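Reproduced below: entry_9.cif, with mmCIF, C-alpha atoms.
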```
data_model
#
loop_
_atom_site.label_atom_id
_atom_site.label_comp_id
_atom_site.auth_asym_id
_atom_site.auth_seq_id
_atom_site.Cartn_x
_atom_site.Cartn_y
_atom_site.Cartn_z
CA MET A 995 190.70 -159.31 41.57
CA ASN A 996 189.39 -161.19 38.60
CA PRO A 997 185.93 -159.73 37.70
CA GLY A 998 184.96 -162.96 35.94
CA MET A 999 185.63 -164.91 39.12
CA ASP A 1000 183.61 -162.39 41.18
CA GLU A 1001 180.64 -162.80 38.88
CA LYS A 1002 180.90 -166.58 39.10
CA ASN A 1003 180.97 -166.51 42.91
CA ARG A 1004 178.04 -164.09 43.05
CA LYS A 1005 176.04 -166.37 40.81
CA GLU A 1006 176.84 -169.39 42.94
CA MET A 1007 175.87 -167.59 46.13
CA GLU A 1008 172.58 -166.33 44.66
CA PHE A 1009 171.71 -169.87 43.76
CA ALA A 1010 171.13 -170.79 47.44
CA GLU A 1011 168.72 -167.85 47.78
CA HIS A 1012 166.80 -169.09 44.76
CA VAL A 1013 166.60 -172.54 46.28
CA ASP A 1014 165.32 -171.04 49.55
CA ASN A 1015 162.57 -169.28 47.58
CA VAL A 1016 161.61 -172.48 45.80
CA LEU A 1017 161.54 -174.35 49.13
CA ALA A 1018 159.31 -171.61 50.55
CA GLY A 1019 156.91 -172.19 47.64
CA LYS A 1020 157.77 -168.91 45.93
CA GLU A 1021 158.46 -168.58 42.25
CA ALA A 1022 162.20 -168.31 41.60
CA LYS A 1023 162.70 -165.21 39.48
CA ILE A 1024 165.76 -165.90 37.40
CA ASP A 1025 167.75 -163.03 36.05
CA GLU A 1026 167.71 -163.10 32.24
CA ALA A 1027 171.45 -162.56 32.31
CA MET A 1028 172.03 -165.87 34.09
CA ASP A 1029 173.63 -168.51 31.94
CA GLU A 1030 172.32 -171.91 30.93
CA ASP A 1031 174.29 -173.66 33.65
CA TYR A 1032 172.56 -171.61 36.33
CA ARG A 1033 169.09 -172.14 34.86
CA SER A 1034 169.69 -175.86 34.60
CA ASN A 1035 170.74 -175.99 38.24
CA ILE A 1036 167.56 -174.16 39.33
CA ASP A 1037 165.41 -176.59 37.31
CA PHE A 1038 167.32 -179.49 38.76
CA ALA A 1039 166.86 -178.14 42.29
CA LYS A 1040 163.10 -178.54 41.72
CA LYS A 1041 163.71 -182.16 40.77
CA ILE A 1042 165.69 -182.74 43.97
CA ILE A 1043 162.81 -181.28 45.97
CA GLU A 1044 160.31 -183.53 44.17
CA CYS A 1045 162.38 -186.56 45.06
CA ARG A 1046 162.24 -185.88 48.81
CA GLY A 1047 160.55 -188.67 50.72
CA GLU A 1048 157.48 -187.59 52.66
CA PRO A 1049 156.26 -189.24 55.86
CA SER A 1050 152.79 -190.74 55.59
CA ALA A 1051 150.07 -188.97 57.55
CA SER A 1052 149.37 -192.12 59.58
CA PHE A 1053 153.05 -192.45 60.59
CA GLN A 1054 153.25 -188.75 61.42
CA GLU A 1055 150.14 -188.81 63.60
CA GLY A 1056 150.88 -192.20 65.18
CA LEU A 1057 154.38 -191.22 66.26
CA LYS A 1058 153.19 -187.87 67.58
CA LYS A 1059 150.47 -189.53 69.64
CA ARG A 1060 152.94 -192.04 71.08
CA LEU A 1061 155.53 -189.38 71.97
CA LEU A 1062 153.01 -187.03 73.57
CA SER A 1063 151.58 -189.87 75.60
CA LYS A 1064 155.09 -190.74 76.85
CA LEU A 1065 155.71 -187.10 77.67
CA ALA A 1066 152.44 -186.96 79.63
CA GLU A 1067 153.46 -190.09 81.58
CA LYS A 1068 156.82 -188.50 82.37
CA GLU A 1069 155.08 -185.36 83.58
CA VAL A 1070 152.77 -187.32 85.87
CA ALA A 1071 155.76 -189.18 87.33
CA GLU A 1072 157.61 -185.90 87.77
CA THR A 1073 154.63 -184.26 89.51
CA GLN A 1074 154.38 -187.25 91.84
CA ARG A 1075 158.08 -187.05 92.64
CA ARG A 1076 157.79 -183.32 93.34
CA SER A 1077 154.82 -183.76 95.63
CA GLU A 1078 156.74 -186.42 97.59
CA SER A 1079 159.65 -184.05 97.82
CA ILE A 1080 157.35 -181.24 99.02
CA SER A 1081 155.96 -183.56 101.73
CA PHE A 1082 159.50 -184.15 102.92
CA TRP A 1083 160.14 -180.40 103.20
CA ASP A 1084 156.84 -179.92 105.04
CA TRP A 1085 157.93 -182.58 107.49
CA LEU A 1086 161.29 -180.88 107.91
CA LYS A 1087 159.60 -177.52 108.40
CA ASN A 1088 157.51 -178.95 111.22
CA LEU A 1089 160.69 -179.91 113.01
CA VAL A 1090 161.62 -176.25 113.35
CA PRO A 1091 160.05 -174.71 116.46
CA GLN A 1092 157.34 -172.14 115.71
CA SER A 1093 158.21 -169.75 118.57
CA PRO A 1094 160.62 -166.95 117.46
CA ALA A 1095 162.89 -167.45 120.45
CA TRP A 1096 163.24 -171.20 119.92
CA ARG A 1097 163.63 -170.63 116.18
CA THR A 1098 166.60 -168.31 116.87
CA VAL A 1099 168.15 -170.94 119.14
CA ALA A 1100 167.65 -173.66 116.49
CA VAL A 1101 169.24 -171.53 113.75
CA THR A 1102 172.19 -170.56 115.99
CA VAL A 1103 172.87 -174.18 116.95
CA THR A 1104 172.66 -175.29 113.29
CA VAL A 1105 175.08 -172.57 112.15
CA ALA A 1106 177.50 -173.41 114.99
CA VAL A 1107 177.44 -177.12 114.12
CA LEU A 1108 177.99 -176.39 110.42
CA THR A 1109 180.87 -174.03 111.25
CA LEU A 1110 182.50 -176.69 113.43
CA VAL A 1111 182.12 -179.27 110.67
CA VAL A 1112 183.70 -176.93 108.11
CA VAL A 1113 186.56 -175.97 110.45
CA TRP A 1114 187.18 -179.64 111.25
CA ARG A 1115 187.14 -180.60 107.56
CA ILE A 1116 189.73 -178.01 106.55
CA GLY A 1117 192.07 -179.34 109.25
CA LEU A 1118 192.28 -176.50 111.76
CA PHE A 1119 191.84 -179.11 114.53
CA SER A 1120 194.91 -181.07 113.31
CA PRO A 1121 197.82 -178.65 113.88
CA GLY A 1122 200.43 -181.42 113.60
CA GLU A 1123 199.47 -182.32 110.03
CA GLY A 1124 200.56 -179.05 108.46
CA PRO A 1125 198.68 -177.15 105.79
CA ILE A 1126 196.65 -178.99 103.24
CA VAL A 1127 198.32 -178.88 99.85
CA THR A 1128 195.96 -179.14 96.96
CA GLY A 1129 197.22 -180.64 93.74
CA PRO A 1130 196.74 -179.05 90.36
CA LEU A 1131 193.16 -179.15 89.17
CA GLY A 1132 192.48 -181.63 86.40
CA PRO A 1133 191.09 -180.58 83.03
CA THR A 1134 187.46 -179.51 82.88
CA VAL A 1135 185.25 -182.37 81.86
CA SER A 1136 182.79 -181.23 79.19
CA VAL A 1137 181.63 -184.64 78.02
CA GLU A 1138 181.17 -187.28 80.70
CA THR A 1139 181.59 -190.88 79.70
CA ARG A 1140 180.35 -193.77 81.80
CA ALA A 1141 180.79 -197.48 81.19
CA TYR A 1142 178.25 -200.06 82.30
CA THR A 1143 178.09 -203.83 82.23
CA VAL A 1144 175.21 -206.07 83.28
CA LYS A 1145 177.46 -207.81 85.83
CA THR A 1146 181.03 -207.54 87.04
CA VAL A 1147 182.10 -211.20 87.30
CA TYR A 1148 182.46 -213.23 84.09
CA THR A 1149 183.65 -216.75 83.45
CA THR A 1150 186.62 -217.27 81.16
CA GLY A 1151 185.66 -216.94 77.52
CA GLU A 1152 182.30 -215.27 78.17
CA GLU A 1153 181.60 -212.24 76.00
CA ILE A 1154 181.43 -208.98 77.92
CA ASP A 1155 178.94 -206.40 76.65
CA ILE A 1156 179.92 -202.90 77.65
CA ARG A 1157 177.64 -199.90 77.17
CA PHE A 1158 179.21 -196.45 77.11
CA THR A 1159 177.15 -193.31 77.57
CA PHE A 1160 178.55 -189.98 76.46
CA GLU A 1161 176.83 -186.89 77.83
CA ASN A 1162 177.65 -183.32 76.93
CA ILE A 1163 177.35 -181.44 80.22
CA ALA A 1164 178.60 -178.14 78.81
CA ASP A 1165 176.67 -175.36 77.12
CA GLU A 1166 178.04 -175.71 73.62
CA THR A 1167 178.06 -178.32 70.89
CA PHE A 1168 181.13 -180.54 70.60
CA THR A 1169 182.36 -182.86 67.88
CA PHE A 1170 185.02 -185.46 68.61
CA PRO A 1171 186.46 -188.59 66.98
CA PHE A 1172 184.19 -191.56 67.38
CA PRO A 1173 184.24 -194.23 68.64
CA PRO A 1174 187.12 -193.12 70.86
CA GLU A 1175 190.12 -195.25 71.65
CA ILE A 1176 189.08 -197.79 74.30
CA ARG A 1177 191.57 -199.89 76.24
CA ILE A 1178 191.15 -202.83 78.55
CA GLY A 1179 193.92 -203.08 81.10
CA ASP A 1180 194.75 -205.12 84.16
CA LEU A 1181 194.86 -203.31 87.48
CA GLY A 1182 198.55 -202.66 86.97
CA ILE A 1183 197.38 -200.58 83.98
CA GLU A 1184 199.06 -202.87 81.53
CA VAL A 1185 196.90 -202.68 78.45
CA VAL A 1186 195.84 -206.11 77.20
CA ARG A 1187 193.44 -205.03 74.48
CA ALA A 1188 193.17 -201.72 72.63
CA PHE A 1189 190.27 -200.78 70.36
CA ASP A 1190 191.53 -198.14 67.98
CA VAL A 1191 189.85 -194.80 67.53
CA GLY A 1192 187.15 -194.94 64.81
CA GLN A 1193 186.97 -193.03 61.55
CA GLY A 1194 183.71 -191.28 62.43
CA THR A 1195 182.82 -188.33 64.59
CA MET A 1196 180.16 -187.75 67.19
CA THR A 1197 178.46 -184.40 67.62
CA LEU A 1198 176.77 -183.72 70.91
CA ALA A 1199 174.57 -180.70 71.50
CA PRO A 1200 174.40 -179.29 75.05
CA ARG A 1201 172.93 -181.84 77.51
CA GLN A 1202 172.67 -184.46 74.80
CA PRO A 1203 173.46 -188.07 75.79
CA GLU A 1204 174.45 -190.81 73.35
CA ASP A 1205 175.14 -194.51 73.81
CA TYR A 1206 177.77 -196.77 72.28
CA ASP A 1207 177.92 -200.55 72.72
CA LEU A 1208 181.07 -202.64 72.58
CA THR A 1209 181.58 -206.36 73.09
CA TRP A 1210 184.90 -207.66 74.41
CA ASN A 1211 185.51 -211.36 73.83
CA GLN A 1212 188.19 -211.51 76.57
CA LYS A 1213 190.95 -211.83 73.96
CA ASP A 1214 194.10 -209.72 74.09
CA ASP A 1215 195.60 -207.88 71.13
CA THR A 1216 197.26 -211.06 69.88
CA GLY A 1217 193.95 -212.94 69.92
CA LYS A 1218 194.73 -214.99 73.06
CA GLN A 1219 192.34 -215.43 75.99
CA VAL A 1220 193.42 -213.13 78.83
CA PRO A 1221 194.20 -214.83 82.19
CA PRO A 1222 191.68 -214.73 85.06
CA GLY A 1223 191.91 -211.58 87.15
CA ASP A 1224 190.60 -208.07 87.48
CA TYR A 1225 190.45 -205.73 84.49
CA GLN A 1226 189.54 -202.13 84.03
CA ILE A 1227 188.23 -200.05 81.15
CA ILE A 1228 190.30 -197.05 80.12
CA ILE A 1229 189.42 -194.22 77.72
CA PRO A 1230 192.19 -191.64 77.35
CA ASN A 1231 190.88 -188.08 77.67
CA ILE A 1232 190.03 -186.41 74.37
CA GLN A 1233 190.80 -182.70 74.12
CA LEU A 1234 187.88 -180.71 72.70
CA GLY A 1235 189.89 -177.62 71.85
CA GLU A 1236 191.67 -174.83 73.65
CA GLY A 1237 189.88 -174.16 76.94
CA LYS A 1238 186.91 -176.30 75.96
CA GLY A 1239 187.60 -179.20 78.27
CA VAL A 1240 187.82 -182.89 77.58
CA VAL A 1241 185.80 -186.02 76.97
CA SER A 1242 186.55 -188.10 80.04
CA LEU A 1243 185.61 -191.48 81.45
CA VAL A 1244 184.20 -190.66 84.87
CA ASP A 1245 182.81 -194.01 85.93
CA SER A 1246 183.46 -197.61 84.97
CA PRO A 1247 183.26 -201.02 86.63
CA ILE A 1248 186.16 -203.35 87.54
CA LEU A 1249 185.60 -206.57 85.59
CA THR A 1250 186.57 -209.87 87.15
CA ILE A 1251 187.31 -212.86 84.95
CA SER A 1252 187.17 -216.10 86.82
CA ASN A 1253 187.76 -219.77 85.99
CA ASN A 1254 184.81 -220.74 88.14
CA PRO A 1255 181.46 -220.65 86.43
CA MET B 1128 129.39 -174.03 80.15
CA GLN B 1129 132.37 -174.07 77.88
CA THR B 1130 135.10 -176.46 78.89
CA THR B 1131 138.58 -176.47 77.47
CA LYS B 1132 141.00 -179.32 77.57
CA ARG B 1133 144.17 -178.13 79.23
CA VAL B 1134 147.37 -179.24 77.54
CA SER B 1135 150.55 -178.70 79.48
CA SER B 1136 152.88 -176.15 77.94
CA LYS B 1137 155.70 -178.68 77.68
CA GLN B 1138 153.52 -180.94 75.58
CA GLU B 1139 152.46 -177.99 73.45
CA VAL B 1140 156.04 -176.95 72.88
CA PHE B 1141 157.10 -180.48 72.00
CA ALA B 1142 154.11 -180.92 69.66
CA GLU B 1143 154.95 -177.68 67.85
CA LEU B 1144 158.59 -178.62 67.44
CA TYR B 1145 157.58 -182.09 66.29
CA ASP B 1146 155.21 -180.70 63.66
CA GLU B 1147 157.91 -178.39 62.34
CA PHE B 1148 160.90 -180.70 62.40
CA MET B 1149 159.61 -184.24 61.98
CA PRO B 1150 159.10 -183.95 58.18
CA LYS B 1151 162.54 -182.34 57.84
CA VAL B 1152 164.23 -185.08 59.84
CA PHE B 1153 162.33 -187.70 57.86
CA ARG B 1154 163.40 -186.20 54.52
CA TYR B 1155 167.00 -185.86 55.70
CA ILE B 1156 167.11 -189.56 56.60
CA ARG B 1157 165.22 -190.59 53.45
CA TYR B 1158 167.88 -188.98 51.24
CA LYS B 1159 170.42 -191.17 53.03
CA VAL B 1160 168.46 -194.42 53.47
CA ASN B 1161 166.89 -196.11 50.50
CA ASP B 1162 163.99 -197.61 52.40
CA GLN B 1163 160.77 -196.00 53.59
CA GLN B 1164 160.28 -198.39 56.55
CA ILE B 1165 163.82 -197.96 57.86
CA THR B 1166 163.45 -194.20 57.46
CA GLU B 1167 160.31 -194.31 59.63
CA ASP B 1168 162.10 -196.44 62.26
CA LEU B 1169 165.09 -194.10 62.39
CA THR B 1170 162.88 -191.01 62.53
CA SER B 1171 161.05 -192.58 65.49
CA THR B 1172 164.40 -193.28 67.17
CA VAL B 1173 165.50 -189.66 66.73
CA PHE B 1174 162.37 -188.28 68.35
CA GLU B 1175 162.36 -190.91 71.12
CA LYS B 1176 165.92 -189.79 71.98
CA ALA B 1177 164.87 -186.15 71.80
CA LEU B 1178 162.00 -186.87 74.16
CA VAL B 1179 164.27 -188.54 76.72
CA SER B 1180 166.53 -185.51 76.98
CA PHE B 1181 163.88 -182.88 76.22
CA GLU B 1182 163.82 -181.96 79.93
CA ARG B 1183 167.43 -180.90 79.64
CA TYR B 1184 167.04 -179.06 76.35
CA SER B 1185 167.02 -175.31 76.69
CA SER B 1186 166.60 -172.91 73.79
CA ASP B 1187 169.07 -170.55 75.51
CA LYS B 1188 171.80 -173.09 74.82
CA GLY B 1189 171.23 -173.47 71.11
CA ALA B 1190 168.58 -173.77 68.44
CA PHE B 1191 166.34 -176.83 68.52
CA SER B 1192 167.15 -177.37 64.84
CA THR B 1193 170.87 -177.78 65.60
CA TRP B 1194 170.09 -180.07 68.52
CA ILE B 1195 167.66 -182.33 66.67
CA PHE B 1196 169.94 -182.65 63.64
CA SER B 1197 172.88 -183.56 65.89
CA ILE B 1198 170.72 -186.39 67.22
CA THR B 1199 169.72 -187.31 63.66
CA ARG B 1200 173.30 -187.48 62.39
CA ASN B 1201 174.43 -189.53 65.38
CA THR B 1202 171.48 -191.88 64.98
CA LEU B 1203 172.50 -192.48 61.35
CA ILE B 1204 176.13 -193.08 62.41
CA ASP B 1205 174.90 -195.62 64.98
CA TYR B 1206 172.65 -197.25 62.42
CA TYR B 1207 175.45 -197.71 59.89
CA ARG B 1208 177.88 -198.86 62.55
CA THR B 1209 175.57 -201.61 63.75
CA ASN B 1210 174.32 -202.49 60.28
CA LYS B 1211 177.49 -202.52 58.22
CA MET B 1212 176.00 -205.04 55.82
CA ARG B 1213 172.97 -202.85 55.25
CA GLN B 1214 175.17 -199.92 54.40
CA GLN B 1215 176.87 -202.09 51.84
CA VAL B 1216 173.50 -203.09 50.41
CA SER B 1217 172.41 -199.48 50.35
CA LEU B 1218 175.54 -198.41 48.51
CA ASP B 1219 175.15 -201.29 46.08
CA GLU B 1220 171.61 -200.19 45.41
CA ALA B 1221 172.90 -196.71 44.85
CA VAL B 1222 175.30 -197.86 42.20
CA GLU B 1223 172.65 -199.88 40.44
CA VAL B 1224 170.83 -197.22 38.47
CA PRO B 1225 167.49 -198.33 37.04
CA SER B 1226 167.47 -198.46 33.27
CA ARG B 1227 165.09 -196.16 31.52
CA GLU B 1228 162.49 -198.61 30.30
CA PRO B 1229 159.76 -196.94 28.31
CA SER B 1230 156.72 -197.26 30.52
CA PRO B 1231 153.13 -196.44 29.73
CA GLN B 1232 152.69 -195.20 33.26
CA ASP B 1233 154.12 -191.80 33.96
CA GLU B 1234 153.98 -192.50 37.67
CA ALA B 1235 156.24 -195.53 37.34
CA GLU B 1236 158.71 -193.57 35.25
CA LYS B 1237 158.75 -190.73 37.73
CA LYS B 1238 159.41 -193.19 40.53
CA ALA B 1239 162.27 -194.77 38.61
CA GLU B 1240 163.68 -191.31 37.89
CA GLN B 1241 163.54 -190.43 41.59
CA GLU B 1242 165.22 -193.70 42.54
CA CYS B 1243 167.93 -192.91 40.01
CA LEU B 1244 168.40 -189.43 41.47
CA ARG B 1245 168.62 -190.78 45.03
CA GLY B 1246 171.18 -193.31 43.84
CA CYS B 1247 173.26 -190.55 42.23
CA LEU B 1248 173.02 -188.50 45.43
CA LEU B 1249 174.45 -191.39 47.46
CA ARG B 1250 177.38 -191.56 45.06
CA LEU B 1251 178.40 -187.95 45.69
CA PRO B 1252 181.22 -187.28 48.18
CA GLU B 1253 179.82 -187.20 51.75
CA ASP B 1254 180.43 -183.43 52.08
CA ASP B 1255 178.35 -182.72 48.98
CA GLN B 1256 175.60 -185.08 50.13
CA GLU B 1257 175.48 -183.40 53.52
CA ILE B 1258 175.13 -179.89 52.13
CA ILE B 1259 172.32 -181.04 49.82
CA ARG B 1260 170.51 -182.81 52.66
CA LEU B 1261 170.82 -179.79 54.95
CA LYS B 1262 169.48 -177.44 52.28
CA PHE B 1263 166.80 -179.54 50.57
CA ALA B 1264 165.62 -181.81 53.40
CA ALA B 1265 166.25 -179.80 56.55
CA GLU B 1266 165.59 -176.51 54.72
CA PHE B 1267 168.33 -174.66 56.57
CA ASN B 1268 169.44 -171.28 55.31
CA ASN B 1269 173.07 -170.67 54.45
CA ARG B 1270 173.83 -169.13 57.82
CA GLN B 1271 172.56 -172.19 59.70
CA ILE B 1272 174.43 -174.58 57.41
CA ALA B 1273 177.58 -172.50 57.76
CA LYS B 1274 177.33 -172.73 61.55
CA MET B 1275 176.75 -176.48 61.51
CA LEU B 1276 179.54 -177.28 59.07
CA GLY B 1277 182.02 -174.66 60.23
CA LEU B 1278 182.09 -172.87 56.85
CA SER B 1279 181.57 -169.29 55.79
CA GLU B 1280 178.14 -168.39 54.40
CA SER B 1281 179.51 -167.59 50.97
CA ASN B 1282 181.40 -170.86 50.94
CA VAL B 1283 178.13 -172.70 51.63
CA GLY B 1284 176.53 -171.01 48.59
CA VAL B 1285 179.41 -171.91 46.33
CA ARG B 1286 179.60 -175.50 47.56
CA LEU B 1287 175.87 -176.00 47.23
CA PHE B 1288 175.88 -174.76 43.65
CA ARG B 1289 178.73 -177.07 42.76
CA ALA B 1290 177.23 -180.07 44.54
CA VAL B 1291 173.92 -179.63 42.70
CA LYS B 1292 175.76 -179.24 39.40
CA LYS B 1293 177.75 -182.41 40.06
CA LEU B 1294 174.57 -184.28 40.95
CA ARG B 1295 172.77 -182.93 37.85
CA GLU B 1296 175.55 -184.02 35.51
CA ASP B 1297 175.82 -187.47 37.09
CA PHE B 1298 172.06 -187.89 36.97
CA HIS B 1299 171.81 -186.92 33.30
CA GLU B 1300 174.58 -189.27 32.41
CA SER B 1301 172.95 -192.15 34.34
CA TRP B 1302 169.39 -191.46 33.27
CA ASN B 1303 170.03 -190.74 29.63
CA GLY B 1304 172.65 -193.44 29.60
#
```
Could you show the structure in this file as structure tokens?
Amino acid sequence: MNPGMDEKNRKEMEFAEHVDNVLAGKEAKIDEAMDEDYRSNIDFAKKIIECRGEPSASFQEGLKKRLLSKLAEKEVAETQRRSESISFWDWLKNLVPQSPAWRTVAVTVTVAVLTLVVVWRIGLFSPGEGPIVTGPLGPTVSVETRAYTVKTVYTTGEEIDIRFTFENIADETFTFPFPPEIRIGDLGIEVVRAFDVGQGTMTLAPRQPEDYDLTWNQKDDTGKQVPPGDYQIIIPNIQLGEGKGVVSLVDSPILTISNNP
Amino acid sequence: MQTTKRVSSKQEVFAELYDEFMPKVFRYIRYKVNDQQITEDLTSTVFEKALVSFERYSSDKGAFSTWIFSITRNTLIDYYRTNKMRQQVSLDEAVEVPSREPSPQDEAEKKAEQECLRGCLLRLPEDDQEIIRLKFAAEFNNRQIAKMLGLSESNVGVRLFRAVKKLREDFHESWNG
């Protein structure tokens, strides 16, 4: 190992600690043995800190007030929703007979009905149909994508605004290429227009949703107006890594393009 | 009789997190965007988004800092995607380094110097910019930065040192002309 290189790396790593001290308002004690380059970097770090933009007090307070007021409104709405839900359960509870004997009868009947429903659903009452064969399970969806449009029927030539929401439903942060490849296809899955995958990336923390807007001008990949008919939006699944699931389009509308206004 | 105003714990938690992270988010965006007003708008957007999904945020699933800076980075990506022209303007501004006019007012000179430094920062490679923003604006320690960028802690230290050195040299060359 080259001792000169070790010393250089140590110096570079200590630099971050010095910066942390300066950021914490402490005096950065610089080792006398440190070279000019190091000292200059520490001095310059102070300049970078000085050049940070600071939010004005009025902006800081105003935004806080607005956000907390929204949060309070949300809480009131949530409390109201819960109390309505509690009323429903109270009503349901009143349906159950209060006498222990009748309560036992009610529970027994409910369990019997549920058992019959389950047995019927798994096909035990259809001996001629043979056993149910389940197909292979699809990949786990970790990021759900949904596409929305304001309407589903458009006249020829009308621009179609599509909003995509991406929501990380898993418990870890994911980063994936963004915007993803988006295709418009007819119902025979022939792709008429493909929007290539973007150069950027999107990082989604657990439970974080993000939106992306796209406008389709009804032109195909050669720039020609597509014929009237039904079209669907397709986003190929994006693998998030070994065993980490996929980004998948779970809901999207069928778009109809019509000659009639 | 003493009365106390009851504040719900969720509001208290959000207010505390806001007080701690809002200035950091603001500074992070300000290093990237050369406009105070746009920085305020984007900071508001970040916290509005955080508020919408705050119900679903749980500290068991990750640090708030990681979560809020994911939202911040994505908000900036969205901003530049929908304002491609503005990005161009911002980069043009970055290239145009103010000349060092002798000014009787120290304040004006300091401001020009800071503008020059911000411009130089925007000229650094994106990786170097990001590590400087995460250290100096978000005030993350090396371990947090390493986790966010997928690097080792020692690598973060080395890259930070080199990014600051690069910025220092570019700044001196621009400023002293």
* Asked: If we count only C-alpha atoms, which residues of chain A reach to within 7 Å of chain B? Please list them as a ChimeraX atom specification.
  -> /A:1003,1006-1007,1009-1010,1035,1038,1043,1045-1049,1057,1062,1065,1165-1166,1196-1202
Centre and edges of the segment 1236-1253 of chain A box, axis-aligned, 5 Å extra per side, as JSON:
```
{"center_x": 187.2, "center_y": -197.0, "center_z": 80.6, "size_x": 18.9, "size_y": 55.6, "size_z": 23.9}
```
* Which polymer residues have any atom within 12 Å of an atom of segment 1140-1152 of chain A, counting all atoms listed in the file, with same-chain residues fewer than 3 positions away left out, as a VMD selection string? -> chain A and resid 1137 1155 to 1162 1176 1178 1203 to 1214 1217 to 1229 1241 to 1255
* Computed interatomic separation between atom CA of Arg1270 of chain B and atom CA of Leu1017 of chain A (Å) -> 15.9 Å
* Figure out the distance between atom CA of Asp1180 of chain A and atom CA of Ile1232 of chain A, please, to one decimal in Å. =>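 One can read the atom CA of Ile1232 of chain A to atom CA of Asp1180 of chain A distance as 21.6 Å.
If you apply the PyMOL selection byres ((chain A and resi 1189) around 7) to this structure, you end up with Glu1175, Ile1176, Arg1177, Arg1187, Ala1188, Asp1190 and Val1191 of chain A.
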* For the atom pair atom CA of Asp1168 of chain B and atom CA of Phe1053 of chain A, what is the interatomic distance in Å to one decimal place? ->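 The value is 10.0 Å.
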Mind rebuilding segment 1021-1032 of chain A with N, CA, C and O atoms and writing that out as a JSON list (two decimals), keeping the file's coordinate frame?
```json
[["chain", "number", "residue", "atom", "x", "y", "z"],
["A", 1021, "GLU", "N", 157.94, -168.40, 43.62],
["A", 1021, "GLU", "CA", 158.46, -168.58, 42.25],
["A", 1021, "GLU", "C", 159.89, -168.01, 42.22],
["A", 1021, "GLU", "O", 160.14, -166.91, 42.71],
["A", 1022, "ALA", "N", 160.81, -168.79, 41.69],
["A", 1022, "ALA", "CA", 162.20, -168.31, 41.60],
["A", 1022, "ALA", "C", 162.33, -167.42, 40.36],
["A", 1022, "ALA", "O", 162.16, -167.88, 39.25],
["A", 1023, "LYS", "N", 162.55, -166.13, 40.62],
["A", 1023, "LYS", "CA", 162.70, -165.21, 39.48],
["A", 1023, "LYS", "C", 164.16, -165.24, 39.04],
["A", 1023, "LYS", "O", 165.05, -164.80, 39.77],
["A", 1024, "ILE", "N", 164.38, -165.75, 37.87],
["A", 1024, "ILE", "CA", 165.76, -165.90, 37.40],
["A", 1024, "ILE", "C", 166.12, -164.73, 36.50],
["A", 1024, "ILE", "O", 165.38, -164.40, 35.57],
["A", 1025, "ASP", "N", 167.22, -164.14, 36.83],
["A", 1025, "ASP", "CA", 167.75, -163.03, 36.05],
["A", 1025, "ASP", "C", 168.02, -163.51, 34.62],
["A", 1025, "ASP", "O", 168.63, -164.56, 34.42],
["A", 1026, "GLU", "N", 167.53, -162.72, 33.66],
["A", 1026, "GLU", "CA", 167.71, -163.10, 32.24],
["A", 1026, "GLU", "C", 169.19, -163.28, 31.89],
["A", 1026, "GLU", "O", 169.55, -164.03, 31.00],
["A", 1027, "ALA", "N", 170.01, -162.53, 32.64],
["A", 1027, "ALA", "CA", 171.45, -162.56, 32.31],
["A", 1027, "ALA", "C", 172.13, -163.86, 32.75],
["A", 1027, "ALA", "O", 173.26, -164.13, 32.37],
["A", 1028, "MET", "N", 171.40, -164.64, 33.58],
["A", 1028, "MET", "CA", 172.03, -165.87, 34.09],
["A", 1028, "MET", "C", 172.22, -166.89, 32.97],
["A", 1028, "MET", "O", 171.36, -167.03, 32.10],
["A", 1029, "ASP", "N", 173.32, -167.59, 33.04],
["A", 1029, "ASP", "CA", 173.63, -168.51, 31.94],
["A", 1029, "ASP", "C", 172.86, -169.83, 32.05],
["A", 1029, "ASP", "O", 172.14, -170.08, 33.01],
["A", 1030, "GLU", "N", 173.04, -170.64, 31.05],
["A", 1030, "GLU", "CA", 172.32, -171.91, 30.93],
["A", 1030, "GLU", "C", 172.60, -172.83, 32.13],
["A", 1030, "GLU", "O", 171.70, -173.51, 32.62],
["A", 1031, "ASP", "N", 173.86, -172.82, 32.53],
["A", 1031, "ASP", "CA", 174.29, -173.66, 33.65],
["A", 1031, "ASP", "C", 173.46, -173.34, 34.90],
["A", 1031, "ASP", "O", 172.98, -174.23, 35.59],
["A", 1032, "TYR", "N", 173.29, -172.05, 35.15],
["A", 1032, "TYR", "CA", 172.56, -171.61, 36.33],
["A", 1032, "TYR", "C", 171.09, -172.03, 36.23],
["A", 1032, "TYR", "O", 170.51, -172.57, 37.17]]
```
